[in-house]
Amino acid sequence: MSNRLRITTIDPLDDAALRAWYDVYRLGERHGRPYVSTYMFEEVRAAARAPEVAVQLNYVLGTVDDVPVCAADVELPLLDNRATADVGLRTHPEHRRQGYASAVLAYVEELLVRQGRRLVTVLVDHEHEAGPTGDGVPGVEFLRHRGYSVALSDVLRAVRLPIEEQLLQRLVDDAAPRHRDYTLRQFGDRCPDDLLESYGRLVGTLVTEAPSGALVLEEEVFDADRLRHEEDVMVAAGRTRVVTVALDTAGEVVAYTDIRVPRHDPGRAYQWGTLVHPDHRGHRLGIAVKAANHLALQRQEPEVTEVVTDNAEVNDHMVAVNELLGFRPIGRCAELHKELHIEL
C-alpha cells in the first residue's frame, strides 16, 4: 500500500468533498453488480446535513495524491444500541488490491472503539448464485480475513409493476374475513398525530422481531421527535412514501408496511419495513397491508415500474408473501459483524 494514503473524516457541508466521497461509494457499490441499488447524491447530502437526532453519520474518505480511492460511511445510533455501529466500505474499482480498504477499515475500527462502540456490522451485496454464506465473494472474504463473520443472509428481490390489480384486490378481499375487528388505514409522508405513538412503538420493534441471526440488538426508540425528524429528512432527500397500517379496536397500530419512492431515482421504489405485532398475528394482516399498499402505490405513483425489497433468508413467512406478489430474487446481501477488542 502506498504510504501516501491520506484518510480523513470529511465535512458534510463541503459539497466537493461529499461529492468525491459519493462518487467512490457509487462506483464501488455498483461495479460488477448492476442489481445493487444506491442512494442518489441528493439523498446522501440531505442525510449528511440533517441534525443528529437519532443517528450520527460520519463519512470517511481515503485519497492518494488527492485522488479519492476508498470511502466508508459510519452510522452510530444515539438513542439505543449505543455499543453498535453500522459501516459501509467501498473501494474505487480502479484502485483495488492496493491495501486501501484495509487501512480505511482499521481507521474506522479505531474510531469506533474511541467512541465506545464494540459491535460493528458491515453489509456486502453479492450475486444470488454465490449462496447465503457468500463463499468466494471478494468483499465477504476480505472481511472474514479481518475477523468478521456472517451473522445473517438476506435475499434481494424485485417485482415489475404494475402487479395485476385483480390479484392485489383478491388478496385484500380474501384476507378481510380473518381480521374483521381491525381497520386498515393509509397515509403518506407524514404520520397522522393520533397514530404517531403506537406507530413508533411498532416500528421500533422491527429490529428485534425480524430475524437478526447472530446479531443481538435492542428495540429502537422511535418517539415523536425521531419520527418527525426522519419525515423531514425524507422530504429533503426528495422521497415520498406510501404506508398502510392496521389498527385494533383501540385505534392502536398493530401492523404496518412502508414503501419509499425516490424522486432522484425515477421509476423505482423501495420496500422498507413490514411488521405485524406478535399479539396480532394469525389474522392475515401482513398480506392485507402489503397488498393494499401496493394498490395504493400503483394508483398514486403510476410511473414506478419496479419495487425492490430484501428479506432474511430464514424469514419464510415474509418471503412467501413477497413471492405471492411476484417478487423474484436478484441478489443477496451478507450481514457480517465483529466484536472489537482494540487496545488504545
# chains A, B, ... in the order shown; residues from 1 in each chain; ligands from 1

$ residues_around --residues "Arg144 (chain A)" --least-positions-apart "4" --cutoff "12 Å" --atoms "only C-alpha atoms" --output "mmCIF file with N, CA and C atoms, in the first residue's frame"
data_model
loop_
_atom_site.group_PDB
_atom_site.id
_atom_site.type_symbol
_atom_site.label_atom_id
_atom_site.label_comp_id
_atom_site.auth_asym_id
_atom_site.auth_seq_id
_atom_site.Cartn_x
_atom_site.Cartn_y
_atom_site.Cartn_z
ATOM 1 N N VAL A 122 -21.186 -4.841 8.896
ATOM 2 C CA VAL A 122 -20.899 -4.404 7.532
ATOM 3 C C VAL A 122 -21.720 -5.273 6.580
ATOM 4 N N VAL A 124 -22.491 -6.700 2.701
ATOM 5 C CA VAL A 124 -21.850 -6.950 1.406
ATOM 6 C C VAL A 124 -22.872 -7.550 0.460
ATOM 7 N N THR A 133 -23.906 -17.881 2.336
ATOM 8 C CA THR A 133 -22.706 -17.559 3.117
ATOM 9 C C THR A 133 -21.719 -16.693 2.346
ATOM 10 N N GLY A 134 -21.952 -16.501 1.043
ATOM 11 C CA GLY A 134 -21.077 -15.636 0.262
ATOM 12 C C GLY A 134 -19.674 -16.172 0.076
ATOM 13 N N ASP A 135 -19.506 -17.470 0.157
ATOM 14 C CA ASP A 135 -18.165 -18.057 -0.002
ATOM 15 C C ASP A 135 -17.578 -17.672 -1.349
ATOM 16 N N GLY A 136 -16.348 -17.169 -1.324
ATOM 17 C CA GLY A 136 -15.657 -16.795 -2.547
ATOM 18 C C GLY A 136 -15.946 -15.391 -3.016
ATOM 19 N N VAL A 137 -16.925 -14.714 -2.412
ATOM 20 C CA VAL A 137 -17.213 -13.323 -2.778
ATOM 21 C C VAL A 137 -16.107 -12.436 -2.213
ATOM 22 N N PRO A 138 -15.430 -11.630 -3.051
ATOM 23 C CA PRO A 138 -14.273 -10.862 -2.567
ATOM 24 C C PRO A 138 -14.552 -10.027 -1.326
ATOM 25 N N GLY A 139 -15.687 -9.296 -1.296
ATOM 26 C CA GLY A 139 -15.974 -8.461 -0.135
ATOM 27 C C GLY A 139 -16.186 -9.256 1.128
ATOM 28 N N VAL A 140 -16.848 -10.413 0.997
ATOM 29 C CA VAL A 140 -17.078 -11.279 2.156
ATOM 30 C C VAL A 140 -15.754 -11.856 2.654
ATOM 31 N N TYR A 148 -14.263 -10.764 10.738
ATOM 32 C CA TYR A 148 -15.714 -10.666 10.650
ATOM 33 C C TYR A 148 -16.316 -12.041 10.314
ATOM 34 N N SER A 149 -17.559 -12.249 10.728
ATOM 35 C CA SER A 149 -18.264 -13.479 10.392
ATOM 36 C C SER A 149 -19.671 -13.144 9.933
ATOM 37 N N VAL A 150 -20.235 -14.010 9.092
ATOM 38 C CA VAL A 150 -21.582 -13.784 8.566
ATOM 39 C C VAL A 150 -22.597 -14.050 9.670
ATOM 40 N N ALA A 151 -23.365 -13.017 10.011
ATOM 41 C CA ALA A 151 -24.384 -13.142 11.047
ATOM 42 C C ALA A 151 -25.749 -13.450 10.460
ATOM 43 N N ALA A 334 -24.916 -10.235 2.465
ATOM 44 C CA ALA A 334 -24.393 -10.855 3.680
ATOM 45 C C ALA A 334 -24.194 -9.779 4.742
ATOM 46 N N GLU A 335 -24.738 -10.020 5.936
ATOM 47 C CA GLU A 335 -24.527 -9.123 7.072
ATOM 48 C C GLU A 335 -23.426 -9.726 7.933
ATOM 49 N N LEU A 336 -22.280 -9.071 7.943
ATOM 50 C CA LEU A 336 -21.138 -9.561 8.721
ATOM 51 C C LEU A 336 -20.930 -8.684 9.945
ATOM 52 N N HIS A 337 -20.486 -9.296 11.026
ATOM 53 C CA HIS A 337 -20.248 -8.500 12.228
ATOM 54 C C HIS A 337 -18.938 -8.915 12.897
ATOM 55 N N LYS A 338 -18.511 -8.052 13.796
ATOM 56 C CA LYS A 338 -17.256 -8.288 14.514
ATOM 57 C C LYS A 338 -17.309 -7.569 15.848
#

$ residues_around --residues "region 40-44 of chain A" --least-positions-apart "4" --cutoff "10 Å" --atoms "only C-alpha atoms" --output "number ranges by chain"
A: 12, 18-19, 21-23, 26, 48-49, 233-239, 262-265

$ atom_distance --atom1 "CA of Asp173 (chain A)" --atom2 "CA of Val314 (chain A)"
28.0 Å

$ closest_residue --among "A:Pro51, A:Thr257, A:Asp232, A:Thr274" --to "Arg190 (chain A)" --atoms "only C-alpha atoms"
A:Asp232

$ residues_around --residues "region 202-210 of chain A" --least-positions-apart "4" --cutoff "6 Å" --atoms "only C-alpha atoms" --output "ChimeraX atom specification"
/A:219-222

$ closest_residue --among "A:His277, A:Arg260, A:Arg4, A:Arg201" --to "Tyr100 (chain A)" --atoms "only C-alpha atoms"
A:Arg4

$ decode --residues "region 3-19 of chain A" --atoms "N, CA and C atoms" --output "compact mmCIF listing (two decimals), in the first residue's frame"
# COMPACT_ATOMS: atom_id res chain seq x y z
N ASN A 3 2.30 4.70 1.02
CA ASN A 3 2.29 5.46 2.27
C ASN A 3 1.76 6.86 2.05
N ARG A 4 1.30 7.14 0.84
CA ARG A 4 0.72 8.45 0.55
C ARG A 4 -0.78 8.46 0.82
N LEU A 5 -1.35 7.33 1.24
CA LEU A 5 -2.78 7.29 1.52
C LEU A 5 -3.10 8.23 2.69
N ARG A 6 -4.05 9.09 2.47
CA ARG A 6 -4.50 10.05 3.48
C ARG A 6 -5.96 9.76 3.80
N ILE A 7 -6.27 9.57 5.07
CA ILE A 7 -7.62 9.21 5.49
C ILE A 7 -8.17 10.34 6.34
N THR A 8 -9.34 10.84 5.98
CA THR A 8 -9.96 11.93 6.71
C THR A 8 -11.46 11.68 6.86
N THR A 9 -12.02 12.25 7.90
CA THR A 9 -13.47 12.32 8.04
C THR A 9 -13.91 13.64 7.46
N ILE A 10 -14.70 13.60 6.40
CA ILE A 10 -14.98 14.82 5.65
C ILE A 10 -16.07 15.65 6.32
N ASP A 11 -16.07 16.92 5.98
CA ASP A 11 -17.08 17.86 6.43
C ASP A 11 -18.30 17.74 5.51
N PRO A 12 -19.47 17.32 6.01
CA PRO A 12 -20.63 17.14 5.12
C PRO A 12 -21.13 18.44 4.50
N LEU A 13 -20.67 19.59 5.01
CA LEU A 13 -21.04 20.87 4.41
C LEU A 13 -20.15 21.23 3.23
N ASP A 14 -19.07 20.47 3.04
CA ASP A 14 -18.17 20.67 1.92
C ASP A 14 -18.70 19.87 0.73
N ASP A 15 -19.38 20.55 -0.19
CA ASP A 15 -20.03 19.86 -1.30
C ASP A 15 -19.05 19.08 -2.16
N ALA A 16 -17.87 19.64 -2.40
CA ALA A 16 -16.90 18.96 -3.25
C ALA A 16 -16.40 17.69 -2.59
N ALA A 17 -16.12 17.77 -1.28
CA ALA A 17 -15.63 16.59 -0.56
C ALA A 17 -16.71 15.51 -0.51
N LEU A 18 -17.95 15.93 -0.26
CA LEU A 18 -19.03 14.96 -0.19
C LEU A 18 -19.27 14.32 -1.56
N ARG A 19 -19.15 15.10 -2.62
CA ARG A 19 -19.30 14.55 -3.96
C ARG A 19 -18.18 13.56 -4.28
